[in-house]
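Asker: This is the structure I want to talk about, given as structure tokens.
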Number of protein chains: 2
Amino acid sequence: MGRWEPNASARLRAAALELYVERGFEQTTVAEIAQRAGLTARTFFRYFADKREVLFDGSATFQQHLVSALDSAPDSASPMQAVSAALDAAAAMLGERREFSRQRQSVIAANAELRERELIKMASVSTALADALRRRGVADADARLAAEAGVGVLRVAFERWVTHSGDRELSQVMRESLAQLKALTADR
Amino acid sequence: MGRWEPNASARLRAAALELYVERGFEQTTVAEIAQRAGLTARTFFRYFADKREVLFDGSATFQQHLVSALDSAPDSASPMQAVSAALDAAAAMLGERREFSRQRQSVIAANAELRERELIKMASVSTALADALRRRGVADADARLAAEAGVGVLRVAFERWVTHSGDRELSQVMRESLAQLKALTADR
DNA sequence: ATCCGTGATGTCACTTGATGACATCAGCGT
DNA sequence: ACGCTGATGTCATCAAGTGACATCACGGAT
């Protein structure tokens, strides 16, 4: 055994989520999180840049998966078709943990600072998708617009799926939403 | 004359922007801003909720103008046509102060916290536009999607306009970008 | 077997952002 | 002349975040 309990980062993440759910984000101090994880506040900040980041650990991985899905789309795919492939990947990743998604989302929705952080992560996804589109030869403005539109669809579909009491698959809601966007922009 | 110099809020805004430009957002303390404005840090926080907010003073007004423009669109207008009216209003407001826009944008772009704040303001605009669409009878999902798409276009167009060395009108870039989005989503 | 470097953590001190409680006082209406 | 009000100051305090340095089990090198 090591000198310390293993998985410090995972313990911190678990403790933080628990406390944020129990008493809310603002009412939780970093010292409390660290204490519940058997560590000190200083150590918390060695693992996470700030108090919010502990909730957004998987977002880099999430983004990478979307980008690889987009990269894997055939060369013949149009920009929006390539983006659609990324959205399928997003649905596959998020769609299987509905309860976790709901819980995490409710914590984030309840706090403006956390919503800000969520938005910047999504903006990062948008930028990454636009980069990926550019790599496959799409013009800059088209790449940005397609990426923005894709993230917009992702946002709306995810929220509908999480909010909705029924149990339709996320992937289905996502495809529907994309179709709706197409219909909306197709009017004169 | 009053006991104090007038326009405390305006002095704080001016001092903050100056300092953020001179030495960057993080390198500027609230105490310094207040001092330059001839006030104390405590007073700064009576006018602005936090250190970032001082840069986003006009955003509520901005949002209101977009909403009224959308509200003023004829009943016969499609959702995207109504959104387009809001974009025209945005172009009219931002388009006449290119240098100010550039300066403010460069400060915001240079700092992650400020970008976060900008994003949540845009998210608020999106929500407000969606609400306005719903008020005119557009279905919820359509309203959200159209608003998201509109804000996406606004974002891309604004950034192109601010970055671009030429001097095309913002309204023109905006219309172009919207047309591009339509073309992108129209492909199979 | 001993020594040493390393990495994960702790400890301490400090700056800054942010907020609550209370004091001050010019100007205004009565 | 009086008291109220609103804008500001003063003071105390908490929590976020960071830099500097100490600690010490472990694992490899000698």
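Letters A, B, ... mark the chains of the structure tokens in the order given; residue numbers begin at 1 per chain; ligand numbers begin at 1, in order shown.
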Considering only C-alpha atoms (C1' of nucleotides), return as a ChimeraX atom specification whatever protein or nucleic-acid residues lie within 12 Å of range 13-28 of chain D, sequence-local ones (same chain, fewer than 4 positions apart) excluded.
Answerer: /A:1-4,26-32,41-46,48-52 /C:3-21
Asker: Save the residues we just selected, C-alpha atoms (C1' of nucleotides), as an mmCIF file, in the first residue's frame?
Answerer:
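Saved file result27.cif follows:
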```cif
data_model
loop_
_atom_site.group_PDB
_atom_site.id
_atom_site.type_symbol
_atom_site.label_atom_id
_atom_site.label_comp_id
_atom_site.auth_asym_id
_atom_site.auth_seq_id
_atom_site.Cartn_x
_atom_site.Cartn_y
_atom_site.Cartn_z
ATOM 1 C CA MET A 1 0.000 0.000 0.000
ATOM 2 C CA GLY A 2 1.055 3.543 -0.647
ATOM 3 C CA ARG A 3 1.487 6.183 1.903
ATOM 4 C CA TRP A 4 -1.961 7.544 1.077
ATOM 5 C CA GLU A 26 -22.186 27.910 -3.279
ATOM 6 C CA GLN A 27 -22.874 26.535 0.159
ATOM 7 C CA THR A 28 -20.036 24.043 -0.223
ATOM 8 C CA THR A 29 -16.465 25.066 0.532
ATOM 9 C CA VAL A 30 -13.420 23.468 -0.986
ATOM 10 C CA ALA A 31 -12.203 22.715 2.530
ATOM 11 C CA GLU A 32 -15.310 20.623 3.123
ATOM 12 C CA ALA A 41 -7.870 22.109 0.295
ATOM 13 C CA ARG A 42 -4.404 22.674 -1.133
ATOM 14 C CA THR A 43 -4.500 19.209 -2.640
ATOM 15 C CA PHE A 44 -7.901 19.839 -4.197
ATOM 16 C CA PHE A 45 -6.352 22.663 -6.183
ATOM 17 C CA ARG A 46 -3.563 20.393 -7.349
ATOM 18 C CA PHE A 48 -8.653 20.836 -10.197
ATOM 19 C CA ALA A 49 -8.006 24.369 -11.333
ATOM 20 C CA ASP A 50 -11.010 25.656 -9.440
ATOM 21 C CA LYS A 51 -14.087 24.660 -7.539
ATOM 22 C CA ARG A 52 -16.186 24.239 -10.668
ATOM 23 C "C1'" DC C 3 21.175 5.693 0.147
ATOM 24 C "C1'" DC C 4 18.902 8.898 -2.698
ATOM 25 C "C1'" DG C 5 15.639 10.869 -5.790
ATOM 26 C "C1'" DT C 6 10.860 11.440 -6.671
ATOM 27 C "C1'" DG C 7 6.136 12.298 -6.288
ATOM 28 C "C1'" DA C 8 2.082 13.023 -3.642
ATOM 29 C "C1'" DT C 9 0.623 15.374 0.122
ATOM 30 C "C1'" DG C 10 0.686 18.657 4.098
ATOM 31 C "C1'" DT C 11 1.580 23.279 6.275
ATOM 32 C "C1'" DC C 12 1.870 28.080 6.287
ATOM 33 C "C1'" DA C 13 1.455 32.629 4.661
ATOM 34 C "C1'" DC C 14 -0.536 35.656 1.655
ATOM 35 C "C1'" DT C 15 -3.383 38.158 -1.953
ATOM 36 C "C1'" DT C 16 -7.737 39.073 -3.808
ATOM 37 C "C1'" DG C 17 -12.713 38.754 -4.508
ATOM 38 C "C1'" DA C 18 -16.833 39.314 -2.254
ATOM 39 C "C1'" DT C 19 -20.205 40.481 1.546
ATOM 40 C "C1'" DG C 20 -22.379 42.024 5.943
ATOM 41 C "C1'" DA C 21 -22.815 45.514 9.581
#
```
Asker: Quote the spacing between CA of Gln180 in chain B and CA of Ala146 in chain A in Å to one decimal place.
Answerer: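 Going from CA of Gln180 in chain B over to CA of Ala146 in chain A covers 9.3 Å.
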Asker: Residues of chain A within 8 Å of chain B, using only C-alpha atoms, as a VMD selection string?
Answerer: chain A and resid 78 to 81 115 to 117 119 to 120 141 to 142 144 to 146 148 to 149 152 to 153 156 177 180 to 182 184 to 188
Asker: Could you pull the residues within 9 Å of Ala128 in chain B, counting only C-alpha atoms (C1' of nucleotides), minus those fewer than 3 positions along the same chain, as a VMD selection string?
Answerer: chain B and resid 63 to 64 66 to 67 123 to 125 131 to 133 147
Asker: Using only C-alpha atoms (C1' of nucleotides), what table do you get, as a Markdown table, when you list each residue of chain D with an atom no more than 12 Å from chain B, its nearest pair of atoms, and their distance in Å rounded to one decimal, rows by chain then rising number?
Answerer:
```
| residue | atom | partner | partner_atom | distance |
| --- | --- | --- | --- | --- |
| D:DG6 | C1' | B:Arg3 | CA | 11.2 |
| D:DA7 | C1' | B:Trp4 | CA | 8.3 |
| D:DT8 | C1' | B:Thr43 | CA | 7.0 |
| D:DG9 | C1' | B:Thr40 | CA | 7.6 |
| D:DT10 | C1' | B:Arg42 | CA | 9.6 |
| D:DC11 | C1' | B:Arg42 | CA | 11.1 |
```
Asker: Can you write out the residues you just picked, keeping C-alpha atoms (C1' of nucleotides), as a PDB file, in the first residue's frame?
Answerer:
```
ATOM      1  C1'  DG D   6     -29.274  57.754  -0.236  1.00  0.00           C
ATOM      2  C1'  DA D   7     -24.653  57.355  -1.592  1.00  0.00           C
ATOM      3  C1'  DT D   8     -20.420  56.405   0.203  1.00  0.00           C
ATOM      4  C1'  DG D   9     -16.796  55.059   3.589  1.00  0.00           C
ATOM      5  C1'  DT D  10     -14.792  51.929   7.220  1.00  0.00           C
ATOM      6  C1'  DC D  11     -14.038  47.711   9.290  1.00  0.00           C
TER       7       DC D  11
END
```
Asker: Nearest residue to chain C out of A:Ala16, A:Val83, A:Arg135, A:Gly38, using only C-alpha atoms (C1' of nucleotides)?
Answerer: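 Nearest candidate to chain C out of A:Ala16, A:Val83, A:Arg135, A:Gly38: A:Gly38.
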Asker: Please give the complete set of residues from chain A that DSSP, run on the backbone, assigns to helix (DSSP H, G or I), formatted as a PyMOL selection string.
Answerer: chain A and resi 8-23+30-36+41-47+53-55+59-72+79-95+98-109+112-135+140-163+170-186
Asker: Considering only C-alpha atoms (C1' of nucleotides), return as number ranges by chain whatever protein or nucleic-acid residues lie within 8 Å of Ala37 in chain B, sequence-local ones (same chain, fewer than 6 positions apart) excluded.
Answerer: B: 8, 11-12, 15
Asker: Can you tell me how far CA of Arg134 in chain A sits from CA of Ala89 in chain A, in Å to one decimal?
Answerer: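 Value for the CA of Arg134 in chain A-CA of Ala89 in chain A distance: 19.4 Å.
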Asker: Quick check, in Å to one decimal: how far apart do CA of Glu96 in chain B and CA of Leu19 in chain B lie?
Answerer: 24.0 Å
